[in-house]
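Novice: Just so it is clear, I am handing over input-v3.pdb, which has PDB, C-alpha atoms.
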```
ATOM      1  CA  MET A   1      22.229 -14.062 -12.855
ATOM      2  CA  THR A   2      21.379 -15.758 -16.133
ATOM      3  CA  THR A   3      20.700 -14.026 -19.444
ATOM      4  CA  GLY A   4      17.012 -14.831 -19.065
ATOM      5  CA  ASP A   5      16.852 -12.457 -16.097
ATOM      6  CA  LEU A   6      17.628  -9.386 -18.208
ATOM      7  CA  LYS A   7      14.764  -6.942 -18.725
ATOM      8  CA  LEU A   8      15.149  -3.882 -20.967
ATOM      9  CA  PHE A   9      12.712  -0.991 -20.680
ATOM     10  CA  SER A  10      12.440   2.301 -22.534
ATOM     11  CA  GLY A  11      11.347   5.736 -21.417
ATOM     12  CA  SER A  12       9.723   8.194 -23.804
ATOM     13  CA  ALA A  13      12.968  10.029 -24.651
ATOM     14  CA  HIS A  14      14.372   7.635 -27.269
ATOM     15  CA  PRO A  15      12.335   4.453 -27.864
ATOM     16  CA  GLU A  16      13.989   3.913 -31.271
ATOM     17  CA  LEU A  17      17.433   3.527 -29.683
ATOM     18  CA  ALA A  18      15.979   1.190 -27.044
ATOM     19  CA  ARG A  19      14.471  -0.986 -29.806
ATOM     20  CA  LYS A  20      17.834  -1.172 -31.585
ATOM     21  CA  ILE A  21      19.530  -2.252 -28.357
ATOM     22  CA  ALA A  22      16.807  -4.832 -27.726
ATOM     23  CA  ASN A  23      17.238  -6.232 -31.247
ATOM     24  CA  PHE A  24      20.995  -6.502 -30.725
ATOM     25  CA  LEU A  25      20.499  -8.324 -27.414
ATOM     26  CA  GLY A  26      17.754 -10.522 -28.810
ATOM     27  CA  VAL A  27      15.318  -9.634 -26.027
ATOM     28  CA  PRO A  28      11.894  -7.966 -26.223
ATOM     29  CA  LEU A  29      11.358  -4.555 -24.704
ATOM     30  CA  GLY A  30       9.695  -4.779 -21.310
ATOM     31  CA  ARG A  31       5.945  -4.234 -21.177
ATOM     32  CA  ALA A  32       4.940  -1.073 -19.356
ATOM     33  CA  CYS A  33       2.557   1.861 -19.657
ATOM     34  CA  LEU A  34       4.112   5.321 -19.472
ATOM     35  CA  ARG A  35       1.736   8.242 -19.887
ATOM     36  CA  ARG A  36       0.804  11.586 -18.386
ATOM     37  CA  PHE A  37      -2.260  12.787 -16.554
ATOM     38  CA  SER A  38      -4.043  15.904 -17.792
ATOM     39  CA  ASP A  39      -2.070  18.040 -15.324
ATOM     40  CA  SER A  40       1.206  16.639 -16.810
ATOM     41  CA  GLU A  41       2.074  14.350 -13.879
ATOM     42  CA  VAL A  42       3.868  11.158 -14.920
ATOM     43  CA  SER A  43       1.995   7.861 -14.684
ATOM     44  CA  PHE A  44       3.940   4.615 -15.018
ATOM     45  CA  GLN A  45       2.924   0.975 -14.543
ATOM     46  CA  ILE A  46       4.917  -2.168 -15.258
ATOM     47  CA  ASP A  47       2.794  -4.747 -17.077
ATOM     48  CA  GLU A  48       4.861  -7.848 -16.270
ATOM     49  CA  ASN A  49       6.552  -9.502 -13.308
ATOM     50  CA  ILE A  50      10.085  -8.174 -12.730
ATOM     51  CA  ARG A  51      10.744  -9.582  -9.254
ATOM     52  CA  GLY A  52      14.402 -10.621  -8.985
ATOM     53  CA  THR A  53      15.296  -9.463 -12.519
ATOM     54  CA  ASP A  54      18.179  -7.339 -13.813
ATOM     55  CA  VAL A  55      16.471  -4.208 -15.146
ATOM     56  CA  PHE A  56      18.000  -1.769 -17.641
ATOM     57  CA  VAL A  57      16.035   1.373 -18.481
ATOM     58  CA  VAL A  58      17.088   3.424 -21.525
ATOM     59  CA  GLN A  59      16.389   7.134 -21.107
ATOM     60  CA  PRO A  60      18.708   9.891 -22.335
ATOM     61  CA  THR A  61      17.896  13.056 -20.397
ATOM     62  CA  CYS A  62      17.642  15.196 -23.514
ATOM     63  CA  THR A  63      15.117  17.889 -24.481
ATOM     64  CA  PRO A  64      12.771  18.346 -22.659
ATOM     65  CA  VAL A  65      15.402  17.556 -20.040
ATOM     66  CA  ASP A  66      13.361  17.996 -16.858
ATOM     67  CA  GLN A  67      10.448  15.940 -18.196
ATOM     68  CA  HIS A  68      12.672  13.033 -19.154
ATOM     69  CA  LEU A  69      14.608  13.192 -15.890
ATOM     70  CA  ILE A  70      11.446  12.989 -13.783
ATOM     71  CA  GLU A  71      10.143  10.150 -15.970
ATOM     72  CA  LEU A  72      13.352   8.231 -15.327
ATOM     73  CA  CYS A  73      13.135   8.751 -11.553
ATOM     74  CA  VAL A  74       9.495   7.635 -11.504
ATOM     75  CA  MET A  75      10.313   4.535 -13.540
ATOM     76  CA  VAL A  76      13.265   3.625 -11.315
ATOM     77  CA  ASP A  77      11.063   4.017  -8.228
ATOM     78  CA  ALA A  78       8.483   1.669  -9.753
ATOM     79  CA  PHE A  79      11.162  -0.948 -10.537
ATOM     80  CA  ARG A  80      12.540  -0.702  -7.000
ATOM     81  CA  ARG A  81       9.090  -1.092  -5.424
ATOM     82  CA  SER A  82       8.450  -4.086  -7.718
ATOM     83  CA  SER A  83      11.479  -5.911  -6.259
ATOM     84  CA  ALA A  84      13.864  -5.780  -9.215
ATOM     85  CA  ALA A  85      17.207  -7.306  -8.215
ATOM     86  CA  ARG A  86      19.216  -4.477  -9.797
ATOM     87  CA  ILE A  87      18.282  -1.323 -11.691
ATOM     88  CA  THR A  88      20.699   0.190 -14.213
ATOM     89  CA  ALA A  89      19.899   3.598 -15.684
ATOM     90  CA  VAL A  90      21.185   3.692 -19.264
ATOM     91  CA  LEU A  91      21.830   7.365 -20.032
ATOM     92  CA  PRO A  92      23.315   7.694 -23.524
ATOM     93  CA  TYR A  93      23.194  11.464 -22.917
ATOM     94  CA  TYR A  94      23.540  12.859 -19.385
ATOM     95  CA  GLY A  95      21.605  16.103 -19.110
ATOM     96  CA  TYR A  96      22.986  18.945 -16.935
ATOM     97  CA  ALA A  97      26.520  17.570 -17.448
ATOM     98  CA  ARG A  98      27.781  21.026 -18.456
ATOM     99  CA  GLN A  99      26.854  22.388 -15.019
ATOM    100  CA  ASP A 100      29.558  20.383 -13.273
ATOM    101  CA  ARG A 101      31.275  23.075 -11.174
ATOM    102  CA  LYS A 102      30.823  26.497  -9.614
ATOM    103  CA  ASP A 103      32.246  28.768 -12.307
ATOM    104  CA  LYS A 104      30.337  31.813 -11.007
ATOM    105  CA  PRO A 105      29.266  32.923  -7.528
ATOM    106  CA  ARG A 106      26.021  31.506  -6.108
ATOM    107  CA  VAL A 107      25.265  28.910  -8.794
ATOM    108  CA  PRO A 108      24.326  25.223  -8.366
ATOM    109  CA  ILE A 109      26.314  22.167  -9.389
ATOM    110  CA  SER A 110      23.389  20.637 -11.240
ATOM    111  CA  ALA A 111      25.272  17.591 -12.516
ATOM    112  CA  LYS A 112      25.772  16.513  -8.888
ATOM    113  CA  LEU A 113      22.111  17.193  -8.091
ATOM    114  CA  VAL A 114      21.032  14.875 -10.924
ATOM    115  CA  ALA A 115      23.363  12.181  -9.580
ATOM    116  CA  ASN A 116      21.734  12.543  -6.165
ATOM    117  CA  LEU A 117      18.239  12.327  -7.671
ATOM    118  CA  LEU A 118      19.014   9.115  -9.537
ATOM    119  CA  SER A 119      20.556   7.521  -6.464
ATOM    120  CA  ALA A 120      17.660   8.597  -4.230
ATOM    121  CA  ALA A 121      15.140   7.123  -6.694
ATOM    122  CA  GLY A 122      16.788   3.708  -6.290
ATOM    123  CA  THR A 123      19.225   3.417  -9.202
ATOM    124  CA  ASN A 124      21.879   0.777  -8.494
ATOM    125  CA  ARG A 125      24.131   1.459 -11.460
ATOM    126  CA  VAL A 126      24.549   3.981 -14.290
ATOM    127  CA  LEU A 127      25.681   3.340 -17.864
ATOM    128  CA  THR A 128      26.443   6.519 -19.773
ATOM    129  CA  MET A 129      28.442   7.754 -22.738
ATOM    130  CA  ASP A 130      30.949  10.576 -23.328
ATOM    131  CA  LEU A 131      30.288  12.677 -20.259
ATOM    132  CA  HIS A 132      31.141  16.352 -20.701
ATOM    133  CA  LYS A 133      33.723  15.868 -17.951
ATOM    134  CA  ALA A 134      34.846  12.394 -16.877
ATOM    135  CA  GLN A 135      35.018  13.423 -13.219
ATOM    136  CA  ILE A 136      31.198  13.533 -13.101
ATOM    137  CA  GLN A 137      31.522   9.809 -12.386
ATOM    138  CA  GLY A 138      32.743  10.841  -8.954
ATOM    139  CA  PHE A 139      29.425  12.588  -8.234
ATOM    140  CA  PHE A 140      27.854   9.139  -7.844
ATOM    141  CA  ASP A 141      28.199   6.786  -4.873
ATOM    142  CA  ILE A 142      27.078   3.903  -7.105
ATOM    143  CA  PRO A 143      29.015   2.211  -9.940
ATOM    144  CA  VAL A 144      29.207   4.183 -13.205
ATOM    145  CA  ASP A 145      30.242   2.656 -16.530
ATOM    146  CA  HIS A 146      31.436   5.443 -18.810
ATOM    147  CA  LEU A 147      31.577   4.466 -22.478
ATOM    148  CA  PHE A 148      33.083   6.387 -25.382
ATOM    149  CA  ALA A 149      31.685   6.583 -28.900
ATOM    150  CA  ALA A 150      35.195   6.754 -30.363
ATOM    151  CA  PRO A 151      35.095   3.259 -31.956
ATOM    152  CA  VAL A 152      31.914   4.166 -33.851
ATOM    153  CA  PHE A 153      33.391   7.448 -35.110
ATOM    154  CA  ILE A 154      36.783   6.023 -35.990
ATOM    155  CA  ASP A 155      35.247   3.205 -38.034
ATOM    156  CA  TYR A 156      33.331   5.787 -40.078
ATOM    157  CA  LEU A 157      36.067   8.423 -40.350
ATOM    158  CA  ALA A 158      38.646   5.890 -41.499
ATOM    159  CA  ARG A 159      36.602   5.437 -44.687
ATOM    160  CA  LEU A 160      36.215   9.132 -45.551
ATOM    161  CA  ASP A 161      39.383   9.682 -47.580
ATOM    162  CA  ASN A 162      42.131   7.081 -47.281
ATOM    163  CA  ASP A 163      44.686   9.081 -49.275
ATOM    164  CA  ALA A 164      44.230  12.451 -47.573
ATOM    165  CA  GLN A 165      46.338  14.013 -44.854
ATOM    166  CA  VAL A 166      44.015  14.351 -41.882
ATOM    167  CA  THR A 167      44.151  16.791 -38.983
ATOM    168  CA  PHE A 168      41.855  16.515 -35.986
ATOM    169  CA  VAL A 169      40.944  19.914 -34.634
ATOM    170  CA  SER A 170      39.964  20.637 -31.047
ATOM    171  CA  PRO A 171      37.503  23.569 -30.979
ATOM    172  CA  ASP A 172      38.941  24.734 -27.632
ATOM    173  CA  ALA A 173      41.692  23.937 -25.142
ATOM    174  CA  GLY A 174      39.365  21.763 -23.039
ATOM    175  CA  GLY A 175      38.835  19.280 -25.871
ATOM    176  CA  VAL A 176      42.503  18.666 -26.702
ATOM    177  CA  GLU A 177      42.657  15.283 -24.965
ATOM    178  CA  ARG A 178      39.631  14.054 -26.923
ATOM    179  CA  ALA A 179      40.959  15.248 -30.289
ATOM    180  CA  ARG A 180      44.406  13.818 -29.522
ATOM    181  CA  ALA A 181      42.893  10.388 -28.802
ATOM    182  CA  TYR A 182      41.140  10.367 -32.192
ATOM    183  CA  ALA A 183      44.278  11.597 -33.982
ATOM    184  CA  LYS A 184      46.377   8.893 -32.358
ATOM    185  CA  ARG A 185      43.982   6.123 -33.369
ATOM    186  CA  LEU A 186      43.924   7.257 -37.018
ATOM    187  CA  GLY A 187      47.576   8.350 -37.278
ATOM    188  CA  ALA A 188      46.515  11.937 -37.945
ATOM    189  CA  ASP A 189      47.861  15.307 -36.833
ATOM    190  CA  LEU A 190      46.397  17.598 -34.184
ATOM    191  CA  ALA A 191      45.421  21.270 -34.248
ATOM    192  CA  ILE A 192      43.831  23.493 -31.605
ATOM    193  CA  ILE A 193      41.617  26.548 -31.946
ATOM    194  CA  ASP A 194      42.375  29.326 -29.491
ATOM    195  CA  LYS A 195      38.934  30.492 -28.424
ATOM    196  CA  ARG A 196      37.669  32.984 -25.907
ATOM    197  CA  ARG A 197      34.120  33.600 -24.760
ATOM    198  CA  SER A 198      32.530  37.015 -24.377
ATOM    199  CA  GLU A 199      30.480  37.995 -21.341
ATOM    200  CA  ASP A 200      27.192  36.816 -22.891
ATOM    201  CA  GLY A 201      28.618  33.362 -23.551
ATOM    202  CA  ARG A 202      29.136  33.692 -27.307
ATOM    203  CA  ALA A 203      32.305  32.141 -28.681
ATOM    204  CA  GLU A 204      34.967  34.162 -30.440
ATOM    205  CA  VAL A 205      37.556  32.215 -32.432
ATOM    206  CA  MET A 206      41.008  33.762 -32.268
ATOM    207  CA  HIS A 207      43.415  31.614 -34.302
ATOM    208  CA  VAL A 208      44.374  28.059 -35.258
ATOM    209  CA  VAL A 209      47.424  26.410 -33.687
ATOM    210  CA  GLY A 210      48.672  23.571 -35.872
ATOM    211  CA  GLU A 211      48.968  22.569 -39.534
ATOM    212  CA  VAL A 212      45.697  22.601 -41.501
ATOM    213  CA  GLN A 213      46.827  23.910 -44.891
ATOM    214  CA  GLY A 214      45.600  21.609 -47.682
ATOM    215  CA  ARG A 215      44.382  18.982 -45.220
ATOM    216  CA  VAL A 216      41.119  17.207 -44.425
ATOM    217  CA  CYS A 217      40.201  18.718 -41.072
ATOM    218  CA  ILE A 218      37.823  17.055 -38.608
ATOM    219  CA  ILE A 219      36.604  19.266 -35.764
ATOM    220  CA  GLN A 220      35.905  16.867 -32.912
ATOM    221  CA  ASP A 221      33.783  17.705 -29.860
ATOM    222  CA  ASP A 222      31.530  15.937 -27.361
ATOM    223  CA  ILE A 223      28.421  18.140 -27.638
ATOM    224  CA  VAL A 224      27.096  20.429 -30.356
ATOM    225  CA  ASP A 225      24.265  22.605 -29.063
ATOM    226  CA  THR A 226      23.529  25.857 -30.916
ATOM    227  CA  ALA A 227      26.521  25.234 -33.246
ATOM    228  CA  GLY A 228      27.912  28.749 -32.804
ATOM    229  CA  THR A 229      31.359  27.496 -31.794
ATOM    230  CA  LEU A 230      31.303  24.893 -34.567
ATOM    231  CA  GLN A 231      30.394  27.448 -37.242
ATOM    232  CA  GLN A 232      33.210  29.770 -36.219
ATOM    233  CA  ALA A 233      35.696  26.917 -35.877
ATOM    234  CA  ALA A 234      34.893  25.693 -39.407
ATOM    235  CA  ARG A 235      35.346  29.214 -40.757
ATOM    236  CA  ALA A 236      38.690  29.631 -38.995
ATOM    237  CA  VAL A 237      40.014  26.293 -40.267
ATOM    238  CA  ARG A 238      38.848  27.031 -43.815
ATOM    239  CA  GLU A 239      40.440  30.502 -43.743
ATOM    240  CA  ASN A 240      43.716  28.838 -42.741
ATOM    241  CA  GLY A 241      43.692  26.762 -45.919
ATOM    242  CA  ALA A 242      41.928  23.495 -45.053
ATOM    243  CA  ALA A 243      40.937  21.526 -48.162
ATOM    244  CA  ARG A 244      37.853  19.899 -46.605
ATOM    245  CA  VAL A 245      36.186  20.446 -43.239
ATOM    246  CA  PHE A 246      34.107  17.907 -41.324
ATOM    247  CA  ALA A 247      32.879  17.945 -37.746
ATOM    248  CA  GLY A 248      32.040  15.223 -35.269
ATOM    249  CA  ALA A 249      30.131  15.432 -31.993
ATOM    250  CA  VAL A 250      28.866  12.542 -29.913
ATOM    251  CA  HIS A 251      25.755  14.330 -28.665
ATOM    252  CA  GLY A 252      23.761  16.281 -31.243
ATOM    253  CA  VAL A 253      21.705  18.562 -28.990
ATOM    254  CA  LEU A 254      21.257  20.931 -31.974
ATOM    255  CA  SER A 255      18.939  23.460 -30.378
ATOM    256  CA  GLY A 256      17.822  26.920 -31.502
ATOM    257  CA  PRO A 257      19.590  28.165 -34.646
ATOM    258  CA  ALA A 258      21.868  25.110 -34.930
ATOM    259  CA  LEU A 259      20.473  23.767 -38.203
ATOM    260  CA  GLN A 260      20.662  27.116 -39.989
ATOM    261  CA  ARG A 261      24.206  27.682 -38.764
ATOM    262  CA  ILE A 262      25.286  24.257 -40.018
ATOM    263  CA  GLU A 263      23.635  24.859 -43.396
ATOM    264  CA  ASP A 264      25.346  28.275 -43.658
ATOM    265  CA  SER A 265      28.766  27.021 -42.536
ATOM    266  CA  SER A 266      31.696  25.714 -44.563
ATOM    267  CA  LEU A 267      31.223  22.216 -43.137
ATOM    268  CA  GLU A 268      30.805  19.382 -45.608
ATOM    269  CA  GLN A 269      29.238  17.173 -42.967
ATOM    270  CA  LEU A 270      28.436  17.071 -39.263
ATOM    271  CA  ILE A 271      28.631  13.550 -37.835
ATOM    272  CA  VAL A 272      26.689  12.822 -34.649
ATOM    273  CA  THR A 273      25.472   9.681 -32.898
ATOM    274  CA  ASP A 274      21.952   8.647 -31.966
ATOM    275  CA  THR A 275      22.433   9.201 -28.218
ATOM    276  CA  ILE A 276      19.819  11.941 -28.726
ATOM    277  CA  PRO A 277      16.911  11.615 -31.191
ATOM    278  CA  LEU A 278      17.035  14.268 -33.903
ATOM    279  CA  ARG A 279      14.061  16.391 -34.898
ATOM    280  CA  PRO A 280      12.650  15.531 -38.368
ATOM    281  CA  GLU A 281      14.093  18.657 -40.010
ATOM    282  CA  LEU A 282      17.550  17.721 -38.718
ATOM    283  CA  GLU A 283      17.211  14.153 -39.992
ATOM    284  CA  ARG A 284      16.353  15.497 -43.445
ATOM    285  CA  SER A 285      19.471  17.674 -43.644
ATOM    286  CA  SER A 286      22.074  16.422 -46.112
ATOM    287  CA  ARG A 287      24.771  18.006 -43.934
ATOM    288  CA  ILE A 288      24.085  15.784 -40.912
ATOM    289  CA  ARG A 289      25.064  12.116 -40.672
ATOM    290  CA  VAL A 290      23.892   9.979 -37.736
ATOM    291  CA  LEU A 291      25.852   6.950 -36.492
ATOM    292  CA  SER A 292      24.270   4.447 -34.117
ATOM    293  CA  VAL A 293      25.737   3.532 -30.718
ATOM    294  CA  ALA A 294      23.117   0.819 -30.109
ATOM    295  CA  LYS A 295      25.541  -2.094 -30.545
ATOM    296  CA  LEU A 296      28.121  -0.471 -28.265
ATOM    297  CA  LEU A 297      25.523   0.086 -25.550
ATOM    298  CA  GLY A 298      24.136  -3.406 -26.143
ATOM    299  CA  ARG A 299      27.539  -5.017 -25.612
ATOM    300  CA  ALA A 300      27.988  -3.024 -22.394
ATOM    301  CA  ILE A 301      24.559  -4.069 -21.111
ATOM    302  CA  GLN A 302      25.355  -7.680 -21.931
ATOM    303  CA  SER A 303      28.685  -7.500 -20.072
ATOM    304  CA  ILE A 304      27.129  -5.814 -17.029
ATOM    305  CA  HIS A 305      24.366  -8.403 -16.880
ATOM    306  CA  GLN A 306      26.752 -11.341 -17.245
ATOM    307  CA  GLU A 307      29.181  -9.795 -14.727
ATOM    308  CA  THR A 308      32.025  -9.791 -17.258
ATOM    309  CA  SER A 309      34.531  -7.032 -17.929
ATOM    310  CA  VAL A 310      33.335  -3.858 -19.647
ATOM    311  CA  SER A 311      36.839  -2.364 -19.816
ATOM    312  CA  SER A 312      37.402  -3.546 -23.394
ATOM    313  CA  LEU A 313      34.717  -1.097 -24.472
ATOM    314  CA  PHE A 314      36.415   1.896 -22.759
ATOM    315  CA  VAL A 315      38.351   2.920 -25.848
TER     316      VAL A 315
END
```
Transcribe the structure of this file into structure tokens.
Specialist:
Amino acid sequence: MTTGDLKLFSGSAHPELARKIANFLGVPLGRACLRRFSDSEVSFQIDENIRGTDVFVVQPTCTPVDQHLIELCVMVDAFRRSSAARITAVLPYYGYARQDRKDKPRVPISAKLVANLLSAAGTNRVLTMDLHKAQIQGFFDIPVDHLFAAPVFIDYLARLDNDAQVTFVSPDAGGVERARAYAKRLGADLAIIDKRRSEDGRAEVMHVVGEVQGRVCIIQDDIVDTAGTLQQAARAVRENGAARVFAGAVHGVLSGPALQRIEDSSLEQLIVTDTIPLRPELERSSRIRVLSVAKLLGRAIQSIHQETSVSSLFV
């Protein structure tokens, strides 16, 4: 394929991110009409010839998750029936990723179901970022390129306080590998919060394992949803003598009471990426900083299209 064969389309979930990627690639967004009938059914029509082209459709399956997922499947079906040579679903945020196993009796594995839906719709390839669990890639029988937002975070965090002693803090045992990777890249120390969950799912912070006294602490996670865990983690780190407390999360779901909890917490700043569009009130918050992953996704799309290695981006 040649670069002229690349077509980039956007769903309704995050057109701003799609425009940023298009600007980076130097291509216009594909022309299409995506709307809904009065009964809420999805209507989609492609307004240009895509026969034999390499199609990339940007659609994070964020809130409302089901609506955006169905939109994506309908769009992929339209591209397939219009004879696109290859269809890549670009999912900066993969909805249902937290339901990746049977942790209780008689529950679904919804992350696998979503993988099946995308494949059945006609998706040939998936490009995603910071999956909740990396093994979700194995739920697909099609190629999956799994990017990490670490380079974007590290570039920003390296400029926060060059003279400070920094400790990366994992908010639970499951995130230790992620926090360790960040700490290694920045030559920082590592701490872990021992956390247990009550029956209703609320987090209870027990104690901090590691040195945080007098340090700049960065609580690093992949997803921040209602921010309950983050609020308690920040409090625990501060009570153990941290000088400054920041937090970073790739996917800022930020639902329910998240904003109020962040405003009431001891966090100086929560750093998220634009894999998910933030509501206006979240964008206005002085406590929340948004970093863009558009260039990272753009480079991956370019490499996939040109059939060159994407491995250099798997940092």
Novice: List the residues selected by the PyMOL selection byres ((chain A and resi 88-92) around 8) in the file shown, writing them as a VMD selection string.
Specialist: chain A and resid 54 to 61 76 86 to 87 93 to 94 123 to 129 275 to 276
Novice: Just checking: using all atoms listed in the file, which residue out of A:Val290, A:Ala78, A:Leu34, A:Ile142 ends up closest to A:Ile50?
Specialist: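 Nearest candidate to A:Ile50 out of A:Val290, A:Ala78, A:Leu34, A:Ile142: A:Ala78.
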Novice: Under the rule that all atoms listed in the file are counted, which of A:Leu282, A:Met75, A:Val107, A:Ala236 is the nearest residue to A:Gln260?
Specialist: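 That would be A:Leu282, the residue with the smallest distance to A:Gln260.
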Novice: Tell me which of A:Gln45, A:Ser312, A:Ser10, A:Gln220 sits closest to A:Ser170, counting all atoms listed in the file.
Specialist: A:Gln220
Novice: Please measure the separation of atom CA of A:Leu296 and atom CA of A:Arg19, giving the value in Å to one decimal.
Specialist: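 So the two atoms, atom CA of A:Leu296 and atom CA of A:Arg19, lie 13.7 Å apart.
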Novice: For stretch 23-30 of chain A, please output as a list in words all residues within 9 Å (counting only C-alpha atoms; exclusion window: fewer than 2 positions along the same chain).
Specialist: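 Here the answer would be Gly4, Leu6, Lys7, Leu8, Phe9, Ser10, Ala18, Arg19, Lys20, Ile21, Ala32, Ile46, Asp47, Glu48, Ala294, Lys295, Gly298, Arg299, Ile301 and Gln302 of chain A.
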Novice: Can you give me, as a PyMOL selection string, the residues this file yields under the PyMOL selection byres ((chain A and resi 181) around 12)?
Specialist: chain A and resi 148-151+153-154+168-170+175-180+182-190+220-221+315
Novice: Box for stretch 275-287 of chain A: with edges along x, y and z, all listed atoms inside and 4 Å added on each side, what are the centre and edge lengths in Å to one decimal, as JSON?
Specialist:
```
{"center_x": 18.7, "center_y": 13.9, "center_z": -37.2, "size_x": 20.1, "size_y": 17.5, "size_z": 25.9}
```
Novice: Grab the atom CA of A:Ala191 to atom CA of A:Ala243 distance for me, in Å with one decimal place.
Specialist: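 Spanning atom CA of A:Ala191 to atom CA of A:Ala243 is a straight-line distance of 14.6 Å.
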Novice: Rounded to one decimal in Å, what is the spacing between atom CA of A:Gln99 and atom CA of A:Leu297?
Specialist: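 Between atom CA of A:Gln99 and atom CA of A:Leu297 the gap works out to 24.7 Å.
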Novice: Show me the residues close to (14.8, 9.7, -12.4) - anything with an atom within 8 Å, counting all atoms listed in the file - and format the list as number ranges by chain.
Specialist: A: 68-77, 117-118, 121
Novice: Excluding A:Arg51 and its own-chain neighbours fewer than 2 positions away, which residues fall within 8 Å of it when counting all atoms listed in the file? Please give them as a list in words.
Specialist: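 Final neighbour list, sorted by chain and number: Asn49, Thr53, Ser82, Ser83, Ala84 and Ala85 of chain A.
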Novice: Using only C-alpha atoms, please write the residues we just selected to a file, as a short mmCIF file (atom, residue, chain, number, x, y, z; two decimals), keeping the file's coordinate frame.
Specialist:
```
data_model
loop_
_atom_site.label_atom_id
_atom_site.label_comp_id
_atom_site.auth_asym_id
_atom_site.auth_seq_id
_atom_site.Cartn_x
_atom_site.Cartn_y
_atom_site.Cartn_z
CA ASN A 49 6.55 -9.50 -13.31
CA THR A 53 15.30 -9.46 -12.52
CA SER A 82 8.45 -4.09 -7.72
CA SER A 83 11.48 -5.91 -6.26
CA ALA A 84 13.86 -5.78 -9.22
CA ALA A 85 17.21 -7.31 -8.22
#
```
Novice: Which one of A:Gly174, A:Leu160, A:Asn116, A:Lys102 sits closest to A:Lys133 if you count all atoms listed in the file?
Specialist: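 Nearest candidate to A:Lys133 out of A:Gly174, A:Leu160, A:Asn116, A:Lys102: A:Gly174.
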Novice: Tell me which residues the PyMOL selection byres ((chain A and resi 248) around 8) grabs here, as number ranges by chain.
Specialist: A: 153, 218-222, 246-247, 249-250, 270-272
Novice: List as a count of residues only the protein and nucleic acid residues near stretch 251-253 of chain A, meaning an atom at most 6 Å away when all atoms listed in the file are counted, but skip any in the same chain fewer than 6 places from it.
Specialist: 4
Novice: From the options A:Leu230, A:Ala111, A:Cys62, A:Ala300, which residue's atoms come nearest to A:Arg261, counting all atoms listed in the file?
Specialist: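 Of all the options, A:Leu230 lies closest to A:Arg261.
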Novice: With all atoms listed in the file as the basis for distance, which of A:Val245, A:Ile192, A:Ile136, A:Leu278 is at the shortest distance from A:Cys217?
Specialist: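 Smallest separation from A:Cys217 among the options: A:Val245.
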Novice: Can you list, as a list in words, every protein, DNA or RNA residue that comes within 12 Å of A:Arg244 when you count only C-alpha atoms, leaving out same-chain residues fewer than 3 positions away?
Specialist: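 Residues meeting the cut-off are Leu160, Asp161, Ala164, Gln165, Val166, Thr167, Phe168, Val212, Gln213, Gly214, Arg215, Val216, Cys217, Ile218, Ile219, Ala234, Arg235, Val237, Arg238, Glu239, Asn240, Gly241, Ala247, Ser266, Leu267, Glu268 and Gln269 of chain A.
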